[in-house]
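Raw start07.txt, compact mmCIF, C-alpha atoms:
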```txt
# COMPACT_ATOMS: atom_id res chain seq x y z
CA MET A 1 191.42 11.61 -16.74
CA SER A 2 191.35 13.71 -13.59
CA TYR A 3 188.10 15.45 -12.64
CA SER A 4 187.60 18.38 -10.27
CA ARG A 5 183.84 17.90 -9.82
CA PHE A 6 181.22 15.27 -10.53
CA ALA A 7 177.52 15.39 -11.34
CA ILE A 8 174.63 13.08 -12.15
CA TYR A 9 172.98 14.05 -15.42
CA TYR A 10 170.35 12.79 -17.76
CA VAL A 11 172.07 12.66 -21.14
CA PRO A 12 169.82 11.62 -24.05
CA PRO A 13 170.72 8.35 -25.78
CA VAL A 14 172.57 8.31 -29.08
CA GLY A 15 170.19 9.59 -31.73
CA PRO A 16 168.70 12.73 -33.28
CA LEU A 17 168.06 14.59 -30.02
CA ALA A 18 171.57 13.98 -28.70
CA ASP A 19 173.03 14.98 -32.07
CA PHE A 20 170.98 18.18 -32.06
CA GLY A 21 172.11 19.11 -28.55
CA ALA A 22 175.78 18.50 -29.29
CA SER A 23 175.64 20.52 -32.49
CA TRP A 24 173.58 23.37 -31.00
CA LEU A 25 175.89 23.83 -28.01
CA GLY A 26 179.12 22.97 -29.81
CA TRP A 27 180.10 20.33 -27.25
CA ASP A 28 179.41 16.59 -27.27
CA VAL A 29 179.19 15.68 -23.57
CA LEU A 30 178.87 11.97 -24.35
CA HIS A 31 182.16 11.74 -26.26
CA GLY A 32 183.96 14.72 -24.68
CA ARG A 33 184.67 16.63 -27.88
CA GLU A 34 183.81 19.82 -29.70
CA THR A 35 181.28 19.72 -32.53
CA PRO A 36 180.60 22.24 -35.31
CA GLN A 37 177.66 24.54 -34.61
CA PRO A 38 175.12 25.71 -37.19
CA ASP A 39 176.28 28.82 -39.02
CA MET A 40 174.12 31.36 -37.19
CA PRO A 41 175.33 34.80 -36.04
CA GLY A 42 175.25 35.02 -32.26
CA LEU A 43 174.81 31.30 -31.59
CA ASP A 44 178.31 30.92 -30.18
CA ASP A 45 177.67 33.76 -27.74
CA ILE A 46 174.31 32.59 -26.39
CA THR A 47 175.52 29.00 -25.92
CA MET A 48 178.86 29.83 -24.32
CA THR A 49 177.58 29.35 -20.75
CA PRO A 50 175.73 26.02 -21.17
CA ARG A 51 178.40 24.65 -23.54
CA LYS A 52 180.76 23.56 -20.77
CA TYR A 53 178.09 21.30 -19.27
CA GLY A 54 176.89 19.79 -22.56
CA PHE A 55 173.32 18.96 -23.52
CA HIS A 56 171.82 17.41 -20.41
CA ALA A 57 169.41 17.73 -17.51
CA THR A 58 170.94 17.96 -14.05
CA LEU A 59 169.74 15.36 -11.55
CA LYS A 60 172.41 15.84 -8.85
CA PRO A 61 174.23 19.18 -9.25
CA PRO A 62 178.03 19.30 -9.63
CA PHE A 63 179.95 18.54 -6.43
CA ARG A 64 183.49 18.01 -5.23
CA LEU A 65 184.30 14.64 -3.70
CA ALA A 66 184.12 14.55 0.07
CA GLU A 67 187.25 13.79 2.03
CA GLY A 68 187.84 10.04 2.24
CA GLN A 69 185.76 9.26 -0.86
CA ASN A 70 187.08 8.16 -4.24
CA VAL A 71 185.91 7.71 -7.79
CA PRO A 72 185.60 3.89 -7.77
CA ALA A 73 183.37 4.07 -4.70
CA LEU A 74 181.26 6.77 -6.37
CA GLU A 75 180.92 4.69 -9.53
CA ALA A 76 179.85 1.66 -7.50
CA ALA A 77 177.28 3.72 -5.60
CA VAL A 78 175.77 5.15 -8.80
CA SER A 79 175.58 1.63 -10.25
CA ASP A 80 173.80 0.37 -7.13
CA LEU A 81 171.43 3.33 -7.19
CA ALA A 82 170.49 2.66 -10.81
CA VAL A 83 169.52 -0.89 -9.89
CA ASP A 84 167.10 0.46 -7.26
CA LEU A 85 165.61 3.37 -9.24
CA ALA A 86 162.66 2.73 -11.54
CA PRO A 87 162.48 4.64 -14.84
CA ALA A 88 160.28 7.73 -15.04
CA ILE A 89 157.76 8.28 -17.83
CA CYS A 90 155.87 11.48 -18.61
CA ASP A 91 154.51 13.40 -21.57
CA GLY A 92 157.03 14.48 -24.18
CA LEU A 93 159.43 17.41 -24.02
CA GLU A 94 158.61 20.92 -25.22
CA LEU A 95 160.55 24.13 -25.75
CA THR A 96 159.97 26.58 -22.91
CA THR A 97 161.47 29.73 -21.42
CA LEU A 98 162.82 29.52 -17.86
CA GLY A 99 164.12 32.67 -16.25
CA GLY A 100 165.01 34.14 -19.63
CA PHE A 101 166.80 31.10 -21.10
CA LEU A 102 165.47 28.45 -23.47
CA ALA A 103 165.22 24.81 -22.43
CA LEU A 104 163.39 21.58 -23.14
CA THR A 105 161.08 20.56 -20.30
CA PRO A 106 158.42 17.84 -19.80
CA GLN A 107 154.94 18.86 -20.82
CA ASP A 108 153.15 17.54 -17.75
CA ASP A 109 153.64 16.95 -14.03
CA MET A 110 157.26 16.21 -13.18
CA GLN A 111 156.59 14.03 -10.14
CA ALA A 112 158.10 10.94 -11.77
CA VAL A 113 161.34 12.62 -12.83
CA ARG A 114 161.48 14.46 -9.51
CA ARG A 115 161.49 11.05 -7.82
CA VAL A 116 164.56 9.99 -9.82
CA ALA A 117 166.37 13.26 -9.21
CA GLY A 118 165.56 13.17 -5.51
CA GLY A 119 167.00 9.68 -5.25
CA CYS A 120 170.23 10.82 -6.89
CA VAL A 121 170.55 13.82 -4.56
CA ARG A 122 169.75 11.91 -1.39
CA GLU A 123 171.47 8.55 -1.92
CA LEU A 124 174.75 9.98 -3.25
CA ASP A 125 175.10 12.88 -0.85
CA GLN A 126 177.75 11.11 1.22
CA PHE A 127 180.11 11.73 -1.70
CA ARG A 128 179.52 15.52 -1.76
CA ALA A 129 182.02 17.76 -0.03
CA PRO A 130 180.29 20.53 1.95
CA ALA A 131 179.67 23.73 0.03
CA SER A 132 182.01 26.61 0.81
CA GLU A 133 180.86 29.93 2.23
CA ALA A 134 181.60 31.50 -1.17
CA GLU A 135 179.28 28.98 -2.85
CA PHE A 136 176.54 29.68 -0.32
CA ALA A 137 176.91 33.44 -0.89
CA ARG A 138 176.75 33.04 -4.67
CA ARG A 139 173.55 31.01 -4.47
CA ARG A 140 171.93 33.46 -2.06
CA LYS A 141 172.42 36.34 -4.49
CA ALA A 142 169.46 34.96 -6.46
CA GLY A 143 167.13 35.78 -3.55
CA LEU A 144 166.07 32.41 -2.15
CA SER A 145 162.78 31.53 -0.55
CA PRO A 146 162.82 29.99 2.96
CA ALA A 147 162.30 26.55 1.42
CA GLN A 148 165.17 27.06 -1.02
CA GLU A 149 167.41 28.32 1.77
CA ALA A 150 166.68 25.14 3.75
CA LEU A 151 167.51 22.98 0.72
CA LEU A 152 170.73 24.90 0.15
CA THR A 153 171.77 24.29 3.73
CA GLN A 154 170.94 20.59 3.65
CA TRP A 155 171.94 19.59 0.13
CA GLY A 156 174.30 22.35 -1.03
CA TYR A 157 171.92 23.51 -3.78
CA PRO A 158 168.58 25.32 -3.54
CA TYR A 159 166.76 23.81 -6.54
CA VAL A 160 166.48 20.15 -5.58
CA MET A 161 163.75 17.91 -4.13
CA GLU A 162 160.42 19.82 -4.20
CA GLU A 163 162.10 22.79 -5.93
CA PHE A 164 163.54 20.61 -8.72
CA ARG A 165 162.50 21.29 -12.29
CA PHE A 166 163.81 19.04 -15.05
CA HIS A 167 165.22 21.09 -17.92
CA MET A 168 167.70 20.68 -20.75
CA THR A 169 169.30 24.08 -21.23
CA LEU A 170 169.81 25.46 -24.75
CA THR A 171 170.89 29.08 -24.18
CA ALA A 172 172.18 31.51 -21.63
CA GLY A 173 169.83 34.24 -20.45
CA LEU A 174 168.34 36.15 -23.37
CA LEU A 175 167.01 39.68 -23.77
CA GLN A 176 163.23 39.68 -23.92
CA ASP A 177 163.27 40.90 -27.52
CA ASP A 178 165.51 38.00 -28.57
CA ILE A 179 163.51 35.13 -27.07
CA ALA A 180 161.09 34.77 -29.99
CA VAL A 181 163.91 34.90 -32.54
CA TRP A 182 165.97 32.22 -30.85
CA SER A 183 162.91 30.09 -30.10
CA ALA A 184 162.15 30.01 -33.81
CA ALA A 185 165.79 29.14 -34.55
CA VAL A 186 165.71 26.23 -32.10
CA ARG A 187 162.49 24.89 -33.62
CA ARG A 188 164.03 24.93 -37.09
CA HIS A 189 166.83 22.64 -35.90
CA LEU A 190 165.01 20.44 -33.36
CA PRO A 191 164.26 16.87 -34.44
CA ASP A 192 160.82 15.41 -33.87
CA LEU A 193 160.38 14.96 -30.12
CA PRO A 194 158.80 11.75 -28.77
CA ARG A 195 155.23 11.95 -27.49
CA LEU A 196 156.40 10.24 -24.30
CA PHE A 197 159.60 11.12 -22.47
CA VAL A 198 161.31 8.18 -20.78
CA LEU A 199 164.05 8.80 -18.24
CA ASP A 200 165.52 5.31 -18.01
CA GLN A 201 169.22 6.02 -17.53
CA ILE A 202 171.50 8.30 -15.55
CA ALA A 203 175.04 9.41 -16.34
CA LEU A 204 177.95 10.02 -14.00
CA CYS A 205 179.79 13.00 -15.47
CA GLY A 206 183.05 14.70 -14.56
CA GLU A 207 184.44 18.20 -14.96
CA ARG A 208 187.70 18.07 -16.89
CA GLU A 209 190.75 20.26 -16.44
CA ASP A 210 189.47 22.53 -19.23
CA GLY A 211 186.26 23.14 -17.26
CA ARG A 212 184.01 21.09 -19.53
CA PHE A 213 181.97 18.09 -18.48
CA GLU A 214 181.96 14.68 -20.11
CA VAL A 215 180.18 11.38 -19.48
CA ILE A 216 182.22 8.93 -17.43
CA HIS A 217 179.65 6.14 -17.51
CA ARG A 218 175.93 5.63 -18.10
CA TYR A 219 173.70 3.42 -15.97
CA LYS A 220 170.32 1.95 -16.92
CA LEU A 221 167.55 2.35 -14.36
CA THR A 222 166.23 -1.14 -13.61
CA GLY A 223 164.36 -0.75 -10.32
```

Can you dump the structure from the file as structure tokens?
Amino acid sequence: MSYSRFAIYYVPPVGPLADFGASWLGWDVLHGRETPQPDMPGLDDITMTPRKYGFHATLKPPFRLAEGQNVPALEAAVSDLAVDLAPAICDGLELTTLGGFLALTPQDDMQAVRRVAGGCVRELDQFRAPASEAEFARRRKAGLSPAQEALLTQWGYPYVMEEFRFHMTLTAGLLQDDIAVWSAAVRRHLPDLPRLFVLDQIALCGEREDGRFEVIHRYKLTG
């Protein structure tokens, strides 16, 4: 399989939460295949944007390989990183609204998961091709703070390091009047969430020719 971009994600382990995410979005990122969605009017529309990425939390945002780098070297580097990174533990996930879209986020301070994400961004950055001027312009349309602008310049993405917020996206942006309706729909389908959230693995994912991401390999955090 040939991939145009790569990313480091948290993808939940096989089980009820992973099954829910694949069904809700209509795409199983772990196995790289479509899945039937619940029969709900409008669900296909509000999940169209996050569907291509699958049910995940971004740790290192999608990037093109830098000149001179290759996939085997990237895989080896991710494997080495996982050996050095310790798992992160925090209070369980909860359904929240971020900028008009629904997502699952940790209930408490995200310092532990921010440590893992920061390690992924920093230690694998040699594999990231520099962002293009078009990518910079697209990010700046959101109206970045000085800190976010500095992160964009250094890491190619404005919401990393101290600006990172772990989230597992469930919808595209929703109208204010629709948030309560879709929140209730998500809760009807969500499995019981663990009281503690453990981030003990990372996944190297690739963007396929059809624009959708799939897991290439998972790595246990053993630091």

task = Tell me which of A:Val160, A:Leu152, A:Ala76, A:Val113 sits closest to Ala131 in chain A, counting only C-alpha atoms.
result =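 Going through A:Val160, A:Leu152, A:Ala76, A:Val113 one by one, the smallest distance to Ala131 in chain A is for A:Leu152.
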
key: Pairwise distance for CA of Arg208 in chain A and CA of Phe136 in chain A, rounded to one decimal in Å   =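 It comes out at 23.1 Å.
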
Residue nearest Arg218 in chain A - candidates A:Ala137, A:Met48, A:Cys205, A:Leu174, atoms counted: only C-alpha atoms =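 Under the stated criterion, the closest residue is A:Cys205.
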
message = Using Å and a single decimal, report how far CA of Met168 in chain A sits from CA of Gly156 in chain A.
response =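 Result for CA of Gly156 in chain A versus CA of Met168 in chain A: 20.9 Å, one decimal.
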
Point-to-point distance from CA of Leu65 in chain A to CA of Leu30 in chain A, Å rounded to tenths = 21.5 Å

inquiry  = Which residue is closest to Arg212 in chain A? Choose from A:Gly32, A:Gly99, A:Pro130, A:Pro61 and count all atoms listed in the file.
reply    =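 Comparing A:Gly32, A:Gly99, A:Pro130, A:Pro61 against Arg212 in chain A, the winner is A:Gly32.
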
Please report, as lines of an AutoDock Vina configuration file, the centre and edge lengths in Å to one decimal of an axis-aligned box covering all listed atoms of range 62-78 of chain A with 3 Å per side.
```
center_x = 181.8
center_y = 10.5
center_z = -3.7
size_x = 18.1
size_y = 23.6
size_z = 17.9
```

ask   = Using all atoms listed in the file, which residue out of A:Arg195, A:Arg115, A:Arg122, A:Arg139 lies closest to Gln154 in chain A?
value =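 Checking each candidate against Gln154 in chain A, we get A:Arg122 as the closest.
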
request  = Determine the nearest neighbour of Glu135 in chain A from the options A:Arg33, A:Arg64, A:His56, A:His217, counting only C-alpha atoms.
outcome  =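 Closest residue, counting only C-alpha atoms: A:Arg64.
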
key: Residue among A:Asp19, A:Leu95, A:Phe164, A:Leu190 lying closest to Pro36 in chain A, counting all atoms listed in the file   = A:Asp19

key: Exercise: Val181 in chain A partners within 12 Å, all atoms listed in the file, chain neighbours under 3 positions left out, as a list in words   = Met40, Pro41, Gly42, Leu43, Leu102, Leu174, Leu175, Gln176, Asp177, Asp178, Ala184, Ala185, Val186, Arg187 and Arg188 of chain A

query = What lies within 9 Å of range 5-17 of chain A using only C-alpha atoms, ignoring chain neighbours under 3 positions off, as a VMD selection string?
reply = chain A and resid 20 to 22 29 to 30 54 to 65 78 117 120 to 121 128 168 190 to 193 199 to 208 213 215 218

Write the residues of the preceding selection, restricted to C-alpha atoms, as a PDB file, in the frame of the given file.
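Ended up saving to result-v7.pdb:
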```pdb
ATOM      1  CA  PHE A  20     170.980  18.180 -32.060  1.00  0.00           C
ATOM      2  CA  GLY A  21     172.110  19.110 -28.550  1.00  0.00           C
ATOM      3  CA  ALA A  22     175.780  18.500 -29.290  1.00  0.00           C
ATOM      4  CA  VAL A  29     179.190  15.680 -23.570  1.00  0.00           C
ATOM      5  CA  LEU A  30     178.870  11.970 -24.350  1.00  0.00           C
ATOM      6  CA  GLY A  54     176.890  19.790 -22.560  1.00  0.00           C
ATOM      7  CA  PHE A  55     173.320  18.960 -23.520  1.00  0.00           C
ATOM      8  CA  HIS A  56     171.820  17.410 -20.410  1.00  0.00           C
ATOM      9  CA  ALA A  57     169.410  17.730 -17.510  1.00  0.00           C
ATOM     10  CA  THR A  58     170.940  17.960 -14.050  1.00  0.00           C
ATOM     11  CA  LEU A  59     169.740  15.360 -11.550  1.00  0.00           C
ATOM     12  CA  LYS A  60     172.410  15.840  -8.850  1.00  0.00           C
ATOM     13  CA  PRO A  61     174.230  19.180  -9.250  1.00  0.00           C
ATOM     14  CA  PRO A  62     178.030  19.300  -9.630  1.00  0.00           C
ATOM     15  CA  PHE A  63     179.950  18.540  -6.430  1.00  0.00           C
ATOM     16  CA  ARG A  64     183.490  18.010  -5.230  1.00  0.00           C
ATOM     17  CA  LEU A  65     184.300  14.640  -3.700  1.00  0.00           C
ATOM     18  CA  VAL A  78     175.770   5.150  -8.800  1.00  0.00           C
ATOM     19  CA  ALA A 117     166.370  13.260  -9.210  1.00  0.00           C
ATOM     20  CA  CYS A 120     170.230  10.820  -6.890  1.00  0.00           C
ATOM     21  CA  VAL A 121     170.550  13.820  -4.560  1.00  0.00           C
ATOM     22  CA  ARG A 128     179.520  15.520  -1.760  1.00  0.00           C
ATOM     23  CA  MET A 168     167.700  20.680 -20.750  1.00  0.00           C
ATOM     24  CA  LEU A 190     165.010  20.440 -33.360  1.00  0.00           C
ATOM     25  CA  PRO A 191     164.260  16.870 -34.440  1.00  0.00           C
ATOM     26  CA  ASP A 192     160.820  15.410 -33.870  1.00  0.00           C
ATOM     27  CA  LEU A 193     160.380  14.960 -30.120  1.00  0.00           C
ATOM     28  CA  LEU A 199     164.050   8.800 -18.240  1.00  0.00           C
ATOM     29  CA  ASP A 200     165.520   5.310 -18.010  1.00  0.00           C
ATOM     30  CA  GLN A 201     169.220   6.020 -17.530  1.00  0.00           C
ATOM     31  CA  ILE A 202     171.500   8.300 -15.550  1.00  0.00           C
ATOM     32  CA  ALA A 203     175.040   9.410 -16.340  1.00  0.00           C
ATOM     33  CA  LEU A 204     177.950  10.020 -14.000  1.00  0.00           C
ATOM     34  CA  CYS A 205     179.790  13.000 -15.470  1.00  0.00           C
ATOM     35  CA  GLY A 206     183.050  14.700 -14.560  1.00  0.00           C
ATOM     36  CA  GLU A 207     184.440  18.200 -14.960  1.00  0.00           C
ATOM     37  CA  ARG A 208     187.700  18.070 -16.890  1.00  0.00           C
ATOM     38  CA  PHE A 213     181.970  18.090 -18.480  1.00  0.00           C
ATOM     39  CA  VAL A 215     180.180  11.380 -19.480  1.00  0.00           C
ATOM     40  CA  ARG A 218     175.930   5.630 -18.100  1.00  0.00           C
TER      41      ARG A 218
END
```

message = Give me, as a PyMOL selection string, all polymer residues having an atom no more than 12 Å from Leu98 in chain A, counting only C-alpha atoms and skipping those fewer than 2 positions away in the same chain.
response = chain A and resi 95-96+100-105+165-174+176+179

key: Test item: residues at most 10 Å from Val198 in chain A, only C-alpha atoms, excluding those fewer than 4 positions along its chain, as a list in words   = Pro12, Pro87, Ala88, Ile89, Cys90, Asp91, Gly92, Leu93, Ala112, Val113 and Pro194 of chain A
